[in-house]
file coords.cif (mmCIF, C-alpha atoms and all ligand atoms)
data_my_file
#
loop_
_atom_site.label_atom_id
_atom_site.label_comp_id
_atom_site.auth_asym_id
_atom_site.auth_seq_id
_atom_site.Cartn_x
_atom_site.Cartn_y
_atom_site.Cartn_z
CA MET D 21 19.22 -68.01 7.67
CA ARG D 22 17.30 -69.76 10.42
CA ILE D 23 13.50 -69.72 10.23
CA VAL D 24 12.11 -70.59 13.64
CA GLY D 25 8.53 -71.93 13.52
CA LEU D 26 6.36 -70.79 16.42
CA THR D 27 3.09 -72.64 16.68
CA GLY D 28 0.47 -73.93 19.10
CA GLY D 29 -3.28 -74.01 19.40
CA ILE D 30 -5.82 -71.25 19.66
CA ALA D 31 -5.19 -69.26 22.87
CA SER D 32 -2.28 -71.51 23.88
CA GLY D 33 -0.03 -68.45 24.23
CA LYS D 34 1.70 -67.98 20.86
CA SER D 35 1.26 -64.19 20.86
CA THR D 36 2.58 -64.04 24.42
CA VAL D 37 5.72 -65.96 23.34
CA SER D 38 5.97 -63.98 20.12
CA ASN D 39 6.03 -60.78 22.21
CA LEU D 40 8.93 -62.22 24.21
CA PHE D 41 10.82 -62.87 20.94
CA LYS D 42 10.08 -59.29 19.84
CA ALA D 43 11.27 -57.95 23.19
CA HIS D 44 14.59 -59.71 22.45
CA ASP D 45 14.75 -57.95 19.05
CA PHE D 46 13.83 -60.94 16.91
CA PRO D 47 11.76 -60.15 13.83
CA VAL D 48 8.43 -62.02 13.92
CA VAL D 49 6.18 -62.75 10.94
CA ASP D 50 2.62 -63.17 12.23
CA ALA D 51 0.47 -65.40 9.98
CA ASP D 52 -2.76 -64.06 11.55
CA LEU D 53 -1.76 -60.52 10.50
CA VAL D 54 -0.87 -61.73 7.01
CA ALA D 55 -4.28 -63.48 6.82
CA ARG D 56 -6.00 -60.26 7.95
CA ASP D 57 -4.28 -58.34 5.17
CA VAL D 58 -5.24 -60.96 2.58
CA LEU D 59 -8.89 -60.58 3.66
CA LYS D 60 -8.98 -56.76 3.48
CA LYS D 61 -11.64 -55.29 1.20
CA GLY D 62 -10.53 -55.28 -2.45
CA ASN D 63 -7.59 -57.68 -2.02
CA THR D 64 -7.51 -60.91 -4.06
CA GLY D 65 -8.24 -63.08 -0.99
CA TRP D 66 -11.28 -60.91 -0.21
CA LYS D 67 -12.59 -61.30 -3.78
CA LYS D 68 -12.15 -65.09 -3.70
CA VAL D 69 -13.82 -65.39 -0.29
CA VAL D 70 -16.78 -63.23 -1.34
CA SER D 71 -17.31 -65.32 -4.46
CA ALA D 72 -17.08 -68.54 -2.40
CA PHE D 73 -19.22 -67.44 0.58
CA GLY D 74 -21.44 -64.72 -0.90
CA ASP D 75 -22.18 -61.11 0.10
CA ASP D 76 -23.85 -62.23 3.34
CA ILE D 77 -20.46 -62.38 5.07
CA LEU D 78 -19.81 -58.67 4.43
CA GLN D 79 -20.41 -55.74 6.78
CA PRO D 80 -22.21 -52.65 5.39
CA ASP D 81 -18.77 -51.06 4.71
CA GLY D 82 -17.76 -54.01 2.51
CA GLU D 83 -15.19 -55.46 4.89
CA VAL D 84 -15.55 -59.13 5.86
CA ASP D 85 -17.61 -59.60 9.03
CA ARG D 86 -14.93 -61.65 10.77
CA PRO D 87 -16.99 -62.94 13.72
CA LYS D 88 -19.71 -64.02 11.27
CA LEU D 89 -17.26 -65.84 8.99
CA GLY D 90 -15.71 -67.36 12.13
CA GLN D 91 -19.14 -68.66 13.23
CA ILE D 92 -19.59 -70.32 9.83
CA ILE D 93 -16.19 -71.96 9.52
CA PHE D 94 -15.72 -73.07 13.12
CA SER D 95 -19.05 -74.91 13.15
CA ASN D 96 -18.82 -76.44 9.69
CA PRO D 97 -15.74 -78.48 8.66
CA GLU D 98 -16.64 -78.35 4.94
CA LYS D 99 -16.87 -74.55 4.96
CA ARG D 100 -13.61 -74.40 6.92
CA LYS D 101 -11.88 -76.56 4.30
CA LEU D 102 -13.27 -74.28 1.61
CA LEU D 103 -11.96 -71.13 3.33
CA ASN D 104 -8.58 -72.76 3.91
CA ARG D 105 -8.38 -73.85 0.26
CA VAL D 106 -9.28 -70.38 -0.99
CA LEU D 107 -6.92 -68.43 1.30
CA ALA D 108 -3.95 -70.81 1.71
CA PRO D 109 -1.97 -69.76 -1.40
CA TYR D 110 -2.28 -66.04 -0.55
CA ILE D 111 -1.35 -66.54 3.11
CA TRP D 112 1.60 -68.71 2.07
CA PHE D 113 2.78 -66.10 -0.43
CA GLY D 114 2.31 -63.31 2.15
CA ILE D 115 4.45 -65.15 4.71
CA VAL D 116 7.20 -65.89 2.16
CA TRP D 117 7.18 -62.24 1.09
CA GLU D 118 7.55 -61.01 4.68
CA VAL D 119 10.40 -63.49 5.29
CA LEU D 120 12.11 -62.36 2.07
CA LYS D 121 11.94 -58.72 3.12
CA LEU D 122 13.55 -59.55 6.47
CA TRP D 123 16.18 -61.68 4.68
CA MET D 124 17.03 -58.72 2.45
CA GLU D 125 17.42 -56.60 5.58
CA GLY D 126 20.08 -59.09 6.67
CA PHE D 127 18.33 -60.84 9.60
CA LYS D 128 19.88 -64.24 10.29
CA ILE D 129 17.16 -65.57 12.62
CA ILE D 130 13.49 -64.98 11.77
CA VAL D 131 10.53 -66.23 13.81
CA VAL D 132 7.33 -67.16 11.96
CA ASP D 133 4.23 -67.39 14.15
CA VAL D 134 1.84 -69.72 12.30
CA PRO D 135 -1.05 -71.27 14.27
CA LEU D 136 -1.69 -73.84 11.52
CA LEU D 137 1.99 -74.61 10.80
CA PHE D 138 1.46 -78.40 10.79
CA GLU D 139 -2.06 -78.37 9.34
CA ALA D 140 -0.87 -76.22 6.40
CA LYS D 141 2.29 -78.36 6.03
CA MET D 142 4.55 -75.34 6.41
CA ASP D 143 6.58 -77.17 9.08
CA LYS D 144 9.11 -78.43 6.54
CA TRP D 145 10.35 -74.87 5.97
CA THR D 146 11.08 -74.11 9.63
CA LYS D 147 13.69 -75.43 12.08
CA PRO D 148 13.51 -75.56 15.02
CA ILE D 149 9.77 -75.69 15.62
CA VAL D 150 8.71 -74.25 18.98
CA LEU D 151 5.32 -75.43 20.20
CA VAL D 152 3.41 -73.50 22.86
CA TRP D 153 1.49 -76.29 24.58
CA VAL D 154 -1.17 -75.94 27.25
CA ASP D 155 -3.51 -78.50 28.82
CA SER D 156 -6.97 -78.66 27.28
CA GLU D 157 -8.88 -77.33 30.30
CA THR D 158 -6.59 -74.28 30.66
CA GLN D 159 -6.80 -73.66 26.91
CA LEU D 160 -10.61 -73.69 27.01
CA GLN D 161 -10.78 -71.40 30.06
CA ARG D 162 -8.27 -68.88 28.61
CA LEU D 163 -10.05 -68.82 25.26
CA MET D 164 -13.47 -68.25 26.87
CA LEU D 165 -12.05 -65.51 29.08
CA ARG D 166 -10.10 -63.71 26.34
CA ASP D 167 -12.84 -63.78 23.67
CA SER D 168 -15.84 -63.70 26.06
CA THR D 169 -17.33 -66.69 24.22
CA SER D 170 -19.50 -69.59 25.29
CA GLU D 171 -17.96 -72.96 26.10
CA ASP D 172 -19.49 -74.49 22.94
CA ASP D 173 -18.05 -71.83 20.63
CA ALA D 174 -14.64 -72.03 22.29
CA GLN D 175 -14.62 -75.84 22.06
CA ASN D 176 -15.58 -75.67 18.35
CA LYS D 177 -12.56 -73.47 17.69
CA ILE D 178 -10.25 -75.82 19.59
CA ASN D 179 -11.66 -78.84 17.73
CA ALA D 180 -11.01 -77.12 14.38
CA GLN D 181 -7.27 -77.58 14.91
CA MET D 182 -4.91 -80.53 15.20
CA SER D 183 -4.72 -81.55 18.87
CA LEU D 184 -1.91 -79.99 20.89
CA ASP D 185 -0.83 -83.46 22.01
CA LEU D 186 -0.29 -84.53 18.40
CA LYS D 187 1.53 -81.27 17.65
CA LYS D 188 3.76 -82.01 20.63
CA THR D 189 5.03 -85.20 18.92
CA LYS D 190 5.99 -83.19 15.82
CA ALA D 191 7.69 -80.19 17.48
CA ASP D 192 11.40 -79.81 18.27
CA LEU D 193 10.96 -77.68 21.40
CA VAL D 194 7.94 -77.48 23.68
CA ILE D 195 6.95 -74.68 26.05
CA ASP D 196 4.39 -75.82 28.61
CA ASN D 197 2.25 -72.72 29.18
CA THR D 198 -0.16 -74.26 31.69
CA GLY D 199 1.52 -72.42 34.55
CA SER D 200 2.09 -68.76 35.30
CA LEU D 201 3.59 -66.10 33.04
CA LYS D 202 6.71 -66.29 35.22
CA ASP D 203 7.00 -70.02 34.41
CA LEU D 204 6.59 -69.18 30.74
CA ARG D 205 9.37 -66.57 30.82
CA GLU D 206 11.73 -69.06 32.50
CA GLN D 207 11.10 -71.70 29.82
CA PHE D 208 11.50 -69.03 27.17
CA ARG D 209 15.03 -68.31 28.43
CA SER D 210 16.09 -71.95 27.76
CA ILE D 211 14.44 -71.85 24.34
CA LEU D 212 16.37 -68.68 23.56
CA VAL D 213 19.69 -70.43 24.24
CA ILE D 214 18.85 -73.12 21.66
CA VAL D 215 17.39 -70.77 19.08
CA THR D 216 20.43 -68.47 19.18
CA LYS D 217 23.05 -71.23 18.74
CA PRO D 218 25.52 -70.42 15.94
CA LEU D 219 24.09 -71.04 12.46
CA THR D 220 24.88 -74.39 10.84
CA TRP D 221 26.74 -74.25 7.51
CA THR D 222 23.49 -74.86 5.63
CA GLU D 223 21.76 -72.04 7.51
CA PHE D 224 24.73 -69.77 6.85
CA GLY D 225 24.57 -70.70 3.16
CA PHE D 226 21.00 -69.42 3.00
CA SER D 227 21.74 -66.20 4.88
CA ARG D 228 22.21 -62.97 2.94
CA ARG D 229 25.93 -62.98 3.75
CA GLY D 230 26.23 -66.65 2.70
CA VAL D 231 24.59 -65.97 -0.66
CA ALA D 232 26.77 -62.86 -1.16
CA LEU D 233 29.92 -64.89 -0.41
CA PHE D 234 28.80 -67.62 -2.82
CA LEU D 235 28.20 -65.10 -5.63
CA LEU D 236 31.49 -63.36 -4.89
CA SER D 237 33.40 -66.65 -5.05
CA ILE D 238 31.81 -67.40 -8.46
CA VAL D 239 32.83 -63.98 -9.79
CA VAL D 240 36.38 -64.40 -8.45
CA GLY D 241 36.54 -67.94 -9.93
CA VAL D 242 35.42 -66.73 -13.37
CA LEU D 243 37.88 -63.81 -13.30
CA MET D 244 40.75 -66.12 -12.31
CA TYR D 245 39.79 -68.54 -15.08
CA PHE D 246 39.86 -65.79 -17.74
CA GLN D 247 43.08 -64.34 -16.39
CA SER D 248 44.82 -67.74 -16.50
CA SER D 249 43.53 -68.48 -20.05
CA LEU D 250 44.75 -65.03 -21.21
CA TYR D 251 48.13 -65.79 -19.62
CA THR D 252 48.49 -69.24 -21.29
CA SER D 253 47.40 -67.88 -24.73
CA SER D 254 50.01 -65.10 -24.50
CA LEU D 255 52.83 -67.67 -24.02
C1 LIG D 301 -12.27 -66.96 10.27
C2 LIG D 301 -11.65 -65.61 10.58
C3 LIG D 301 -12.19 -64.53 9.64
C4 LIG D 301 -12.02 -65.25 12.05
O1 LIG D 301 -11.40 -64.04 12.38
P1 LIG D 301 -11.14 -63.61 13.91
O2 LIG D 301 -10.69 -62.18 13.86
O3 LIG D 301 -12.36 -63.91 14.70
O4 LIG D 301 -9.99 -64.56 14.44
P2 LIG D 301 -8.39 -64.49 14.17
O5 LIG D 301 -8.10 -64.24 12.72
O6 LIG D 301 -7.79 -63.54 15.14
O7 LIG D 301 -7.93 -65.98 14.44
C5 LIG D 301 -7.82 -66.46 15.77
C6 LIG D 301 -7.30 -67.86 15.77
O8 LIG D 301 -8.23 -68.74 15.15
C7 LIG D 301 -7.53 -69.85 14.65
N1 LIG D 301 -7.91 -70.03 13.23
C8 LIG D 301 -8.07 -69.09 12.29
N2 LIG D 301 -8.42 -69.64 11.12
C9 LIG D 301 -8.47 -70.96 11.32
C10 LIG D 301 -8.78 -72.06 10.49
N3 LIG D 301 -9.08 -71.90 9.21
N4 LIG D 301 -8.76 -73.31 11.04
C11 LIG D 301 -8.45 -73.49 12.34
N5 LIG D 301 -8.16 -72.48 13.18
C12 LIG D 301 -8.16 -71.24 12.68
C13 LIG D 301 -6.05 -69.55 14.81
O9 LIG D 301 -5.56 -70.18 15.96
C14 LIG D 301 -6.01 -68.07 15.01
O10 LIG D 301 -4.89 -67.66 15.76
C15 LIG D 301 -10.10 -65.66 10.46
O11 LIG D 301 -9.56 -66.44 11.47
C16 LIG D 301 -9.62 -66.17 9.12
O12 LIG D 301 -9.61 -65.44 8.15
N6 LIG D 301 -9.20 -67.47 9.09
C17 LIG D 301 -8.71 -68.07 7.88
C18 LIG D 301 -7.26 -67.75 7.67
C19 LIG D 301 -6.37 -68.64 8.43
O13 LIG D 301 -6.28 -69.80 8.13
N7 LIG D 301 -5.69 -68.06 9.44
C20 LIG D 301 -4.69 -68.74 10.20
C21 LIG D 301 -3.32 -68.37 9.73
S1 LIG D 301 -2.27 -69.75 9.59
N1 LIG D 302 0.87 -68.26 31.39
C1 LIG D 302 -0.28 -67.59 31.29
N2 LIG D 302 -1.02 -67.36 32.40
C2 LIG D 302 -2.20 -66.70 32.33
N3 LIG D 302 -2.73 -66.22 31.18
C3 LIG D 302 -2.03 -66.43 30.05
C4 LIG D 302 -0.77 -67.10 30.03
N4 LIG D 302 -0.32 -67.16 28.77
C5 LIG D 302 -1.23 -66.54 28.01
N5 LIG D 302 -2.27 -66.10 28.76
C6 LIG D 302 -3.50 -65.42 28.30
O1 LIG D 302 -4.21 -66.38 27.52
C7 LIG D 302 -4.81 -65.76 26.40
C8 LIG D 302 -4.30 -66.44 25.12
O2 LIG D 302 -2.94 -66.13 24.94
P1 LIG D 302 -2.41 -65.63 23.51
O3 LIG D 302 -3.28 -64.56 22.97
O4 LIG D 302 -0.95 -65.34 23.65
O5 LIG D 302 -2.65 -66.97 22.68
P2 LIG D 302 -2.49 -67.25 21.13
O6 LIG D 302 -1.99 -68.64 21.03
O7 LIG D 302 -1.67 -66.19 20.49
O8 LIG D 302 -4.00 -67.15 20.63
P3 LIG D 302 -4.57 -67.13 19.10
O9 LIG D 302 -4.33 -68.46 18.50
O10 LIG D 302 -6.02 -66.88 19.25
O11 LIG D 302 -3.88 -66.01 18.38
C9 LIG D 302 -4.49 -64.28 26.47
O12 LIG D 302 -5.56 -63.64 27.10
C10 LIG D 302 -3.24 -64.25 27.36
O13 LIG D 302 -3.12 -63.04 28.08
#
call {"tool": "encode", "arguments": {"input": "coords.cif", "output": "structure tokens"}}
result
Amino acid sequence: MRIVGLTGGIASGKSTVSNLFKAHDFPVVDADLVARDVLKKGNTGWKKVVSAFGDDILQPDGEVDRPKLGQIIFSNPEKRKLLNRVLAPYIWFGIVWEVLKLWMEGFKIIVVDVPLLFEAKMDKWTKPIVLVWVDSETQLQRLMLRDSTSEDDAQNKINAQMSLDLKKTKADLVIDNTGSLKDLREQFRSILVIVTKPLTWTEFGFSRRGVALFLLSIVVGVLMYFQSSLYTSSL
């Protein structure tokens, strides 16, 4: 099995690239969706966050007021670390669970879209790592436009993440999304060629078929062993 890591910075274009993967029938695990689920009213992540941040972060219906929690964590590094510490194990487990389900369905190539792939040290589980890079001015403008936020709020969110230039040095493949969507689609085509290369032996070994073959060969080996010992004892 090949787990392709898709990462980038806030509003760098990960969802846009993830939609291109989906359009080519790749299964995509979206860490933001997993994190949303973890934070739903009544779930363990929700309980932990409420006990760490208090009832003030809740809406009248009991759900987390996401923009309010966002305001708190993006302007205060200590609170952000606290939220990350509280939620990280549940998000990690949620991603692994989603990958496992897709593995059981027999998918050989799975894309995981994780904005904080490097920050959360999940990069060691994915290969290759595709980074959606964008220059800082374009990133700021796109974030302000998409979320209708002030420059200060947008910059706080950008500053809360590892810089895209540093991420660039750690990634295997880089998509420069500073240009048009047409440019992006062209780069995506070259990425697709690399991502869909035949599986290495190790990747095959971890695929559902690889594991099934391994188990089958053990069963056959054991049967042959017993058959040959029965044969020699009957002589
Ligand atoms: C703070 C929350 C409630 C704000 O919710 P909101 O709906 O406004 O934003 P959304 O979830 O769509 O996130 C948008 C983007 O913010 C960035 N982001 C989210 N959390 C963090 C964080 N802890 N540190 C840095 N950047 C973050 C990511 O790039 C993400 O794609 C939410 O982002 C959250 O629960 N964050 C903690 C969980 C987390 O770490 N998520 C990232 C998954 S790896
Ligand atoms: N090449 C492009 N040209 C113009 N606009 C773009 C381009 N790529 C993405 N966008 C726009 O920029 C915004 C951010 O893109 P997108 O939502 O894909 O980023 P993201 O990395 O998934 O963000 P987040 O981290 O918040 O989930 C969106 O409004 C999207 O439509």
call {"tool": "residues_around", "arguments": {"input": "coords.cif", "residues": "Thr158 in chain D", "least_positions_apart": "2", "cutoff": "10 Å", "atoms": "only C-alpha atoms", "output": "PyMOL selection string"}}
result
chain D and resi 31-32+154-156+160-164+197-199
call {"tool": "residues_near_ligand", "arguments": {"input": "coords.cif", "ligand": "ligand LIG 301 (chain D)", "cutoff": "6 Å", "atoms": "all atoms listed in the file", "output": "PDB file with C-alpha atoms, keeping the file's coordinate frame"}}
result
ATOM      1  CA  GLY D  29      -3.280 -74.010  19.400  1.00  0.00           C
ATOM      2  CA  ILE D  30      -5.820 -71.250  19.660  1.00  0.00           C
ATOM      3  CA  ALA D  51       0.470 -65.400   9.980  1.00  0.00           C
ATOM      4  CA  ASP D  52      -2.760 -64.060  11.550  1.00  0.00           C
ATOM      5  CA  ALA D  55      -4.280 -63.480   6.820  1.00  0.00           C
ATOM      6  CA  ARG D  86     -14.930 -61.650  10.770  1.00  0.00           C
ATOM      7  CA  PRO D  87     -16.990 -62.940  13.720  1.00  0.00           C
ATOM      8  CA  LEU D  89     -17.260 -65.840   8.990  1.00  0.00           C
ATOM      9  CA  GLY D  90     -15.710 -67.360  12.130  1.00  0.00           C
ATOM     10  CA  ARG D 100     -13.610 -74.400   6.920  1.00  0.00           C
ATOM     11  CA  ASN D 104      -8.580 -72.760   3.910  1.00  0.00           C
ATOM     12  CA  VAL D 134       1.840 -69.720  12.300  1.00  0.00           C
ATOM     13  CA  PRO D 135      -1.050 -71.270  14.270  1.00  0.00           C
ATOM     14  CA  LEU D 136      -1.690 -73.840  11.520  1.00  0.00           C
ATOM     15  CA  ALA D 180     -11.010 -77.120  14.380  1.00  0.00           C
ATOM     16  CA  GLN D 181      -7.270 -77.580  14.910  1.00  0.00           C
TER      17      GLN D 181
END
call {"tool": "atom_distance", "arguments": {"input": "coords.cif", "atom1": "CA of Leu186 in chain D", "atom2": "CA of Ile129 in chain D"}}
result
26.4 Å
call {"tool": "closest_residue", "arguments": {"input": "coords.cif", "among": "D:Leu201, D:Ala72, D:Leu212, D:Met21", "to": "Leu120 in chain D", "atoms": "all atoms listed in the file"}}
result
D:Met21
call {"tool": "closest_residue", "arguments": {"input": "coords.cif", "among": "D:Ala43, D:Leu53, D:Val24, D:Leu193", "to": "ligand LIG 302 (chain D)", "atoms": "only C-alpha atoms and all ligand atoms"}}
result
D:Leu53
call {"tool": "residues_around", "arguments": {"input": "coords.cif", "residues": "Arg229 in chain D", "least_positions_apart": "4", "cutoff": "10 Å", "atoms": "all atoms listed in the file", "output": "list in words"}}
result
Met21, Trp123, Met124, Gly126, Phe127, Lys128, Phe224, Gly225, Leu233, Phe234 and Leu235 of chain D
call {"tool": "closest_residue", "arguments": {"input": "coords.cif", "among": "D:Val106, D:Leu26, D:Val84, D:Val213", "to": "ligand LIG 302 (chain D)", "atoms": "all atoms listed in the file"}}
result
D:Leu26
call {"tool": "atom_distance", "arguments": {"input": "coords.cif", "atom1": "atom C8 of ligand LIG 302 (chain D)", "atom2": "CA of Ile93 in chain D"}}
result
20.4 Å
